[in-house]
>>> print(open('data-v2.cif').read())   # mmCIF, C-alpha atoms, pLDDT in the B column; chains and numbers go by the auth columns
data_final
#
loop_
_atom_site.group_PDB
_atom_site.id
_atom_site.type_symbol
_atom_site.label_atom_id
_atom_site.label_comp_id
_atom_site.label_asym_id
_atom_site.label_seq_id
_atom_site.Cartn_x
_atom_site.Cartn_y
_atom_site.Cartn_z
_atom_site.B_iso_or_equiv
_atom_site.auth_seq_id
_atom_site.auth_asym_id
ATOM 1 C CA MET A 1 0.000 0.000 0.000 75.00 11 A
ATOM 2 C CA ALA A 2 1.206 3.507 -0.819 91.00 12 A
ATOM 3 C CA ARG A 3 2.592 5.744 1.898 97.00 13 A
ATOM 4 C CA ALA A 4 2.690 9.533 1.940 98.00 14 A
ATOM 5 C CA ALA A 5 5.503 11.776 3.130 98.00 15 A
ATOM 6 C CA VAL A 6 3.887 15.172 3.652 98.00 16 A
ATOM 7 C CA PHE A 7 6.143 18.186 4.085 98.00 17 A
ATOM 8 C CA ASP A 8 5.633 21.710 5.299 97.00 18 A
ATOM 9 C CA VAL A 9 7.856 24.056 3.287 97.00 19 A
ATOM 10 C CA ASP A 10 8.717 27.363 5.033 97.00 20 A
ATOM 11 C CA GLY A 11 11.250 26.684 7.784 97.00 21 A
ATOM 12 C CA THR A 12 11.225 22.958 6.996 98.00 22 A
ATOM 13 C CA LEU A 13 12.643 22.670 3.482 98.00 23 A
ATOM 14 C CA VAL A 14 13.453 26.328 2.773 98.00 24 A
ATOM 15 C CA ASP A 15 15.177 28.736 5.190 98.00 25 A
ATOM 16 C CA THR A 16 12.530 31.465 5.138 98.00 26 A
ATOM 17 C CA ASN A 17 11.149 31.859 8.646 98.00 27 A
ATOM 18 C CA HIS A 18 13.281 34.846 9.548 97.00 28 A
ATOM 19 C CA LEU A 19 12.572 36.473 6.200 98.00 29 A
ATOM 20 C CA HIS A 20 8.882 36.180 7.074 98.00 30 A
ATOM 21 C CA VAL A 21 9.570 37.671 10.508 98.00 31 A
ATOM 22 C CA ALA A 22 11.274 40.704 8.989 98.00 32 A
ATOM 23 C CA ALA A 23 8.527 41.184 6.406 98.00 33 A
ATOM 24 C CA TRP A 24 5.717 40.866 8.963 98.00 34 A
ATOM 25 C CA TRP A 25 7.529 43.174 11.406 98.00 35 A
ATOM 26 C CA GLU A 26 7.838 45.898 8.767 98.00 36 A
ATOM 27 C CA ALA A 27 4.261 45.460 7.519 98.00 37 A
ATOM 28 C CA LEU A 28 2.973 45.737 11.090 98.00 38 A
ATOM 29 C CA ARG A 29 5.233 48.726 11.803 98.00 39 A
ATOM 30 C CA GLN A 30 3.923 50.536 8.743 97.00 40 A
ATOM 31 C CA ALA A 31 0.413 50.012 10.102 97.00 41 A
ATOM 32 C CA GLY A 32 1.428 51.493 13.457 97.00 42 A
ATOM 33 C CA HIS A 33 1.961 48.263 15.416 97.00 43 A
ATOM 34 C CA MET A 34 5.278 47.566 17.135 97.00 44 A
ATOM 35 C CA VAL A 35 5.282 43.808 17.685 98.00 45 A
ATOM 36 C CA PRO A 36 8.380 42.069 19.092 98.00 46 A
ATOM 37 C CA MET A 37 10.137 39.908 16.537 98.00 47 A
ATOM 38 C CA HIS A 38 10.223 36.910 18.870 97.00 48 A
ATOM 39 C CA ALA A 39 6.421 36.993 19.025 98.00 49 A
ATOM 40 C CA ILE A 40 6.197 37.145 15.232 98.00 50 A
ATOM 41 C CA HIS A 41 8.610 34.221 14.942 98.00 51 A
ATOM 42 C CA ARG A 42 6.359 32.067 17.127 96.00 52 A
ATOM 43 C CA ALA A 43 3.389 32.942 14.897 97.00 53 A
ATOM 44 C CA VAL A 44 5.076 32.101 11.576 96.00 54 A
ATOM 45 C CA GLY A 45 3.362 29.094 10.050 93.00 55 A
ATOM 46 C CA LEU A 46 -0.123 30.441 10.576 92.00 56 A
ATOM 47 C CA GLY A 47 -2.050 31.763 7.602 89.00 57 A
ATOM 48 C CA SER A 48 -2.012 35.547 7.213 92.00 58 A
ATOM 49 C CA ALA A 49 -5.429 36.183 8.770 91.00 59 A
ATOM 50 C CA ASP A 50 -4.734 33.884 11.721 93.00 60 A
ATOM 51 C CA LEU A 51 -1.246 35.314 12.236 96.00 61 A
ATOM 52 C CA ILE A 52 -2.548 38.880 12.406 97.00 62 A
ATOM 53 C CA ALA A 53 -5.321 37.853 14.793 96.00 63 A
ATOM 54 C CA HIS A 54 -2.834 35.933 16.937 96.00 64 A
ATOM 55 C CA LEU A 55 -0.487 38.931 17.211 98.00 65 A
ATOM 56 C CA LEU A 56 -2.957 41.818 17.477 97.00 66 A
ATOM 57 C CA GLY A 57 -5.926 40.163 19.182 96.00 67 A
ATOM 58 C CA ASP A 58 -9.653 40.171 18.570 91.00 68 A
ATOM 59 C CA GLU A 59 -10.075 43.824 19.568 91.00 69 A
ATOM 60 C CA ARG A 60 -7.862 45.097 16.747 94.00 70 A
ATOM 61 C CA ASP A 61 -9.146 47.223 13.874 93.00 71 A
ATOM 62 C CA ARG A 62 -9.887 44.394 11.446 93.00 72 A
ATOM 63 C CA GLY A 63 -10.115 46.884 8.614 94.00 73 A
ATOM 64 C CA GLU A 64 -6.298 46.979 8.678 96.00 74 A
ATOM 65 C CA ASP A 65 -5.884 43.241 8.152 97.00 75 A
ATOM 66 C CA ASP A 66 -5.864 43.263 4.360 97.00 76 A
ATOM 67 C CA THR A 67 -3.421 46.173 4.248 97.00 77 A
ATOM 68 C CA ILE A 68 -1.033 44.460 6.666 98.00 78 A
ATOM 69 C CA ALA A 69 -1.228 41.173 4.775 97.00 79 A
ATOM 70 C CA ALA A 70 -0.633 42.934 1.469 97.00 80 A
ATOM 71 C CA GLY A 71 2.366 44.730 2.966 98.00 81 A
ATOM 72 C CA HIS A 72 3.871 41.445 4.105 98.00 82 A
ATOM 73 C CA LYS A 73 3.233 39.868 0.715 96.00 83 A
ATOM 74 C CA ALA A 74 4.952 42.727 -1.116 97.00 84 A
ATOM 75 C CA LEU A 75 7.937 42.812 1.241 98.00 85 A
ATOM 76 C CA TYR A 76 8.440 39.060 1.268 97.00 86 A
ATOM 77 C CA GLY A 77 8.059 38.961 -2.494 97.00 87 A
ATOM 78 C CA THR A 78 11.328 40.849 -2.885 97.00 88 A
ATOM 79 C CA TYR A 79 13.119 37.652 -1.792 98.00 89 A
ATOM 80 C CA PHE A 80 11.489 35.306 -4.317 97.00 90 A
ATOM 81 C CA GLY A 81 14.524 35.162 -6.577 96.00 91 A
ATOM 82 C CA ARG A 82 16.903 34.096 -3.826 97.00 92 A
ATOM 83 C CA LEU A 83 15.063 31.901 -1.322 98.00 93 A
ATOM 84 C CA PRO A 84 17.587 29.444 0.174 98.00 94 A
ATOM 85 C CA ALA A 85 16.676 25.779 0.488 98.00 95 A
ATOM 86 C CA PHE A 86 18.153 23.941 3.447 98.00 96 A
ATOM 87 C CA LYS A 87 20.995 21.563 2.613 98.00 97 A
ATOM 88 C CA ASP A 88 19.757 18.260 1.171 98.00 98 A
ATOM 89 C CA ALA A 89 16.108 19.361 1.066 98.00 99 A
ATOM 90 C CA GLY A 90 15.770 18.321 -2.576 98.00 100 A
ATOM 91 C CA PRO A 91 17.779 15.112 -2.204 98.00 101 A
ATOM 92 C CA LEU A 92 15.653 14.135 0.816 98.00 102 A
ATOM 93 C CA LEU A 93 12.474 14.329 -1.244 98.00 103 A
ATOM 94 C CA ARG A 94 14.061 12.410 -4.122 98.00 104 A
ATOM 95 C CA VAL A 95 15.307 9.609 -1.882 98.00 105 A
ATOM 96 C CA LEU A 96 11.862 9.237 -0.332 98.00 106 A
ATOM 97 C CA ALA A 97 10.212 9.163 -3.758 97.00 107 A
ATOM 98 C CA ASP A 98 12.721 6.526 -4.877 96.00 108 A
ATOM 99 C CA LYS A 99 11.822 4.461 -1.806 95.00 109 A
ATOM 100 C CA GLY A 100 8.164 4.473 -2.823 95.00 110 A
ATOM 101 C CA TRP A 101 6.811 7.340 -0.743 97.00 111 A
ATOM 102 C CA THR A 102 4.318 9.710 -2.328 98.00 112 A
ATOM 103 C CA VAL A 103 5.760 13.148 -1.551 98.00 113 A
ATOM 104 C CA VAL A 104 3.237 15.956 -1.055 98.00 114 A
ATOM 105 C CA LEU A 105 3.761 19.530 0.123 97.00 115 A
ATOM 106 C CA ALA A 106 1.321 21.064 2.633 95.00 116 A
ATOM 107 C CA THR A 107 1.909 24.795 2.943 92.00 117 A
ATOM 108 C CA SER A 108 0.180 28.094 3.607 87.00 118 A
ATOM 109 C CA ALA A 109 1.995 29.467 0.550 89.00 119 A
ATOM 110 C CA SER A 110 0.269 29.670 -2.802 87.00 120 A
ATOM 111 C CA GLY A 111 0.644 31.213 -6.252 90.00 121 A
ATOM 112 C CA ARG A 112 3.977 32.897 -7.016 93.00 122 A
ATOM 113 C CA GLU A 113 5.213 32.305 -3.482 94.00 123 A
ATOM 114 C CA LEU A 114 4.729 28.547 -3.751 94.00 124 A
ATOM 115 C CA GLU A 115 6.368 28.581 -7.177 95.00 125 A
ATOM 116 C CA ALA A 116 9.399 30.397 -5.721 97.00 126 A
ATOM 117 C CA LEU A 117 9.666 27.902 -2.867 97.00 127 A
ATOM 118 C CA LYS A 118 9.514 24.945 -5.242 97.00 128 A
ATOM 119 C CA ARG A 119 12.220 26.517 -7.409 97.00 129 A
ATOM 120 C CA ALA A 120 14.417 26.776 -4.330 98.00 130 A
ATOM 121 C CA ILE A 121 13.865 23.110 -3.435 98.00 131 A
ATOM 122 C CA ASP A 122 14.502 22.056 -7.037 97.00 132 A
ATOM 123 C CA ALA A 123 12.880 18.622 -6.705 98.00 133 A
ATOM 124 C CA ASP A 124 9.714 18.861 -8.796 97.00 134 A
ATOM 125 C CA ASP A 125 10.427 15.385 -10.154 97.00 135 A
ATOM 126 C CA ALA A 126 9.933 13.977 -6.634 98.00 136 A
ATOM 127 C CA ILE A 127 6.883 16.040 -5.607 98.00 137 A
ATOM 128 C CA SER A 128 3.579 14.413 -6.522 97.00 138 A
ATOM 129 C CA ALA A 129 1.300 17.264 -5.455 96.00 139 A
ATOM 130 C CA SER A 130 1.004 20.407 -3.339 94.00 140 A
ATOM 131 C CA ALA A 131 -1.793 21.350 -0.937 92.00 141 A
ATOM 132 C CA SER A 132 -1.710 25.149 -0.744 82.00 142 A
ATOM 133 C CA ALA A 133 -3.634 27.802 1.156 75.00 143 A
ATOM 134 C CA ASP A 134 -5.970 28.111 -1.822 76.00 144 A
ATOM 135 C CA ASP A 135 -7.147 24.511 -1.428 80.00 145 A
ATOM 136 C CA VAL A 136 -8.541 24.574 2.119 79.00 146 A
ATOM 137 C CA GLU A 137 -10.977 26.560 4.229 82.00 147 A
ATOM 138 C CA ALA A 138 -8.790 26.669 7.334 82.00 148 A
ATOM 139 C CA GLY A 139 -5.010 26.716 7.665 85.00 149 A
ATOM 140 C CA LYS A 140 -2.777 25.173 10.299 91.00 150 A
ATOM 141 C CA PRO A 141 -3.213 24.373 13.170 93.00 151 A
ATOM 142 C CA ALA A 142 -6.486 23.068 11.695 92.00 152 A
ATOM 143 C CA PRO A 143 -5.952 19.648 10.111 94.00 153 A
ATOM 144 C CA ASP A 144 -7.304 20.785 6.725 93.00 154 A
ATOM 145 C CA PRO A 145 -3.943 21.255 4.905 93.00 155 A
ATOM 146 C CA VAL A 146 -2.681 17.844 5.997 96.00 156 A
ATOM 147 C CA GLU A 147 -5.996 16.167 5.213 96.00 157 A
ATOM 148 C CA GLN A 148 -5.952 17.760 1.762 95.00 158 A
ATOM 149 C CA ALA A 149 -2.431 16.441 1.225 96.00 159 A
ATOM 150 C CA LEU A 150 -3.582 12.940 2.205 97.00 160 A
ATOM 151 C CA GLU A 151 -6.465 13.182 -0.232 96.00 161 A
ATOM 152 C CA LEU A 152 -4.089 14.203 -3.004 96.00 162 A
ATOM 153 C CA ALA A 153 -1.802 11.303 -2.133 96.00 163 A
ATOM 154 C CA GLY A 154 -4.698 8.867 -1.883 96.00 164 A
ATOM 155 C CA VAL A 155 -3.557 7.363 1.416 96.00 165 A
ATOM 156 C CA PRO A 156 -5.127 7.104 4.901 97.00 166 A
ATOM 157 C CA ALA A 157 -3.670 8.972 7.867 97.00 167 A
ATOM 158 C CA GLU A 158 -2.100 5.851 9.357 96.00 168 A
ATOM 159 C CA ARG A 159 0.016 5.479 6.211 96.00 169 A
ATOM 160 C CA ALA A 160 1.411 9.013 6.336 98.00 170 A
ATOM 161 C CA VAL A 161 4.148 11.017 8.031 98.00 171 A
ATOM 162 C CA PHE A 162 4.066 14.806 8.249 98.00 172 A
ATOM 163 C CA VAL A 163 7.321 16.755 8.599 98.00 173 A
ATOM 164 C CA GLY A 164 7.213 20.349 9.844 98.00 174 A
ATOM 165 C CA ASP A 165 9.039 22.919 11.919 98.00 175 A
ATOM 166 C CA THR A 166 6.377 24.712 13.972 97.00 176 A
ATOM 167 C CA VAL A 167 3.957 24.005 16.771 97.00 177 A
ATOM 168 C CA TRP A 168 1.178 24.734 14.255 97.00 178 A
ATOM 169 C CA ASP A 169 2.502 21.971 11.997 97.00 179 A
ATOM 170 C CA MET A 170 2.592 19.421 14.798 98.00 180 A
ATOM 171 C CA ARG A 171 -0.915 20.316 15.950 97.00 181 A
ATOM 172 C CA ALA A 172 -2.280 20.127 12.417 96.00 182 A
ATOM 173 C CA GLY A 173 -0.669 16.760 11.788 97.00 183 A
ATOM 174 C CA SER A 174 -1.801 15.358 15.121 97.00 184 A
ATOM 175 C CA ARG A 175 -5.376 16.467 14.501 97.00 185 A
ATOM 176 C CA ALA A 176 -5.236 14.812 11.073 97.00 186 A
ATOM 177 C CA GLY A 177 -4.113 11.565 12.715 97.00 187 A
ATOM 178 C CA VAL A 178 -0.700 11.290 11.040 98.00 188 A
ATOM 179 C CA THR A 179 2.688 10.631 12.590 98.00 189 A
ATOM 180 C CA CYS A 180 4.480 13.951 13.055 98.00 190 A
ATOM 181 C CA VAL A 181 8.196 14.597 12.656 98.00 191 A
ATOM 182 C CA GLY A 182 9.663 17.924 13.743 98.00 192 A
ATOM 183 C CA VAL A 183 12.758 19.707 12.489 98.00 193 A
ATOM 184 C CA LEU A 184 14.607 22.349 14.496 98.00 194 A
ATOM 185 C CA CYS A 185 15.821 24.455 11.566 98.00 195 A
ATOM 186 C CA GLY A 186 12.786 26.739 11.777 98.00 196 A
ATOM 187 C CA GLY A 187 13.941 27.954 15.179 97.00 197 A
ATOM 188 C CA ILE A 188 11.255 26.453 17.426 97.00 198 A
ATOM 189 C CA PRO A 189 12.564 24.659 20.547 97.00 199 A
ATOM 190 C CA ARG A 190 12.562 20.869 20.735 98.00 200 A
ATOM 191 C CA GLY A 191 10.314 20.809 23.809 98.00 201 A
ATOM 192 C CA ASP A 192 7.642 22.904 22.132 98.00 202 A
ATOM 193 C CA LEU A 193 7.541 20.558 19.133 98.00 203 A
ATOM 194 C CA GLU A 194 7.416 17.489 21.356 98.00 204 A
ATOM 195 C CA ASN A 195 4.591 18.948 23.449 98.00 205 A
ATOM 196 C CA ALA A 196 2.657 19.720 20.265 98.00 206 A
ATOM 197 C CA GLY A 197 2.839 16.126 19.058 97.00 207 A
ATOM 198 C CA ALA A 198 6.198 15.412 17.395 98.00 208 A
ATOM 199 C CA ALA A 199 7.030 11.709 17.536 98.00 209 A
ATOM 200 C CA ALA A 200 10.626 12.323 16.442 98.00 210 A
ATOM 201 C CA ILE A 201 12.794 15.400 15.962 98.00 211 A
ATOM 202 C CA PHE A 202 15.763 16.076 13.689 98.00 212 A
ATOM 203 C CA ASP A 203 17.980 19.104 13.271 98.00 213 A
ATOM 204 C CA HIS A 204 17.302 19.801 9.589 98.00 214 A
ATOM 205 C CA PRO A 205 16.563 18.019 6.282 98.00 215 A
ATOM 206 C CA SER A 206 20.142 16.790 5.913 98.00 216 A
ATOM 207 C CA HIS A 207 20.022 15.239 9.394 98.00 217 A
ATOM 208 C CA LEU A 208 16.731 13.534 8.546 98.00 218 A
ATOM 209 C CA LEU A 209 18.082 12.294 5.196 98.00 219 A
ATOM 210 C CA HIS A 210 21.056 10.644 6.877 98.00 220 A
ATOM 211 C CA SER A 211 18.882 9.216 9.673 98.00 221 A
ATOM 212 C CA LEU A 212 15.993 7.815 7.629 97.00 222 A
ATOM 213 C CA ASP A 213 16.486 4.277 8.893 95.00 223 A
ATOM 214 C CA ASP A 214 16.045 5.524 12.459 96.00 224 A
ATOM 215 C CA SER A 215 13.019 7.684 11.690 97.00 225 A
ATOM 216 C CA PRO A 216 9.293 7.210 11.136 97.00 226 A
ATOM 217 C CA LEU A 217 10.181 7.441 7.420 97.00 227 A
ATOM 218 C CA ALA A 218 12.161 4.201 7.507 93.00 228 A
ATOM 219 C CA GLY A 219 11.301 1.508 5.002 65.00 229 A
ATOM 220 C CA THR A 220 8.642 1.515 2.332 49.00 230 A
#
>>> encode(input="data-v2.cif", output="structure tokens")
Amino acid sequence: MARAAVFDVDGTLVDTNHLHVAAWWEALRQAGHMVPMHAIHRAVGLGSADLIAHLLGDERDRGEDDTIAAGHKALYGTYFGRLPAFKDAGPLLRVLADKGWTVVLATSASGRELEALKRAIDADDAISASASADDVEAGKPAPDPVEQALELAGVPAERAVFVGDTVWDMRAGSRAGVTCVGVLCGGIPRGDLENAGAAAIFDHPSHLLHSLDDSPLAGT
């Protein structure tokens, strides 16, 4: 029976979390909100609407949300031509595909942003499908993105592993019923990922690639 290896992208396969932090910080500053960067970092991985709500609260002026999100999108877009993939991100996906795993991306990115991320990974030959923000009603930590990825892969939750770097990833995967693997390269502490549901944790894609036999992604 087929098995699915589902991957988050930002902070997991591509080193973008701190670029997002800088872009969100500036977009919020331009709207008159001084939010500490460490708080923004902890919110990265949420969809734009949820991230703004998480940082500014329910009593904010919601009429600013679209302007803030558009500011982030424009600022982050300046990096599209030079997004850096983590070492061995592409080879990891190719090895898994060669071992019989169906590789699917599950990300809040969409459109040109998702295209830029996939260019950075440079492993389109190994990626079977992508579940983007445009495909679901609710983003992480809701299970929708992971469930959509499973549907695209055509496998049940018990035959899937989800790899991500944030608490939101681990919660989404756990709620979808898949085995969750955390990576530390997004900057979130090991304990936070474990408490959110990570069954195993690795430093980065290269560490996972060279430890596959000792991971939930062992075998076929």
>>> resolve_selection(input="data-v2.cif", expression="the PyMOL selection byres ((chain A and resi 41) around 12)", output="count of residues only")
26
>>> closest_residue(input="data-v2.cif", among="A:Ala119, A:Leu56, A:Val188, A:Ala126", to="Val171 (chain A)", atoms="only C-alpha atoms")
A:Val188
>>> closest_residue(input="data-v2.cif", among="A:Ile131, A:Val173, A:Val113, A:Ala12", to="Asp213 (chain A)", atoms="all atoms listed in the file")
A:Val173
>>> residues_around(input="data-v2.cif", residues="Pro215 (chain A)", least_positions_apart="4", cutoff="10 Å", atoms="only C-alpha atoms", output="ChimeraX atom specification")
/A:22-24,95-103,173,193-195,219-221
>>> closest_residue(input="data-v2.cif", among="A:Ala141, A:Ala208, A:Leu203, A:Leu29", to="Arg92 (chain A)", atoms="all atoms listed in the file")
A:Leu29
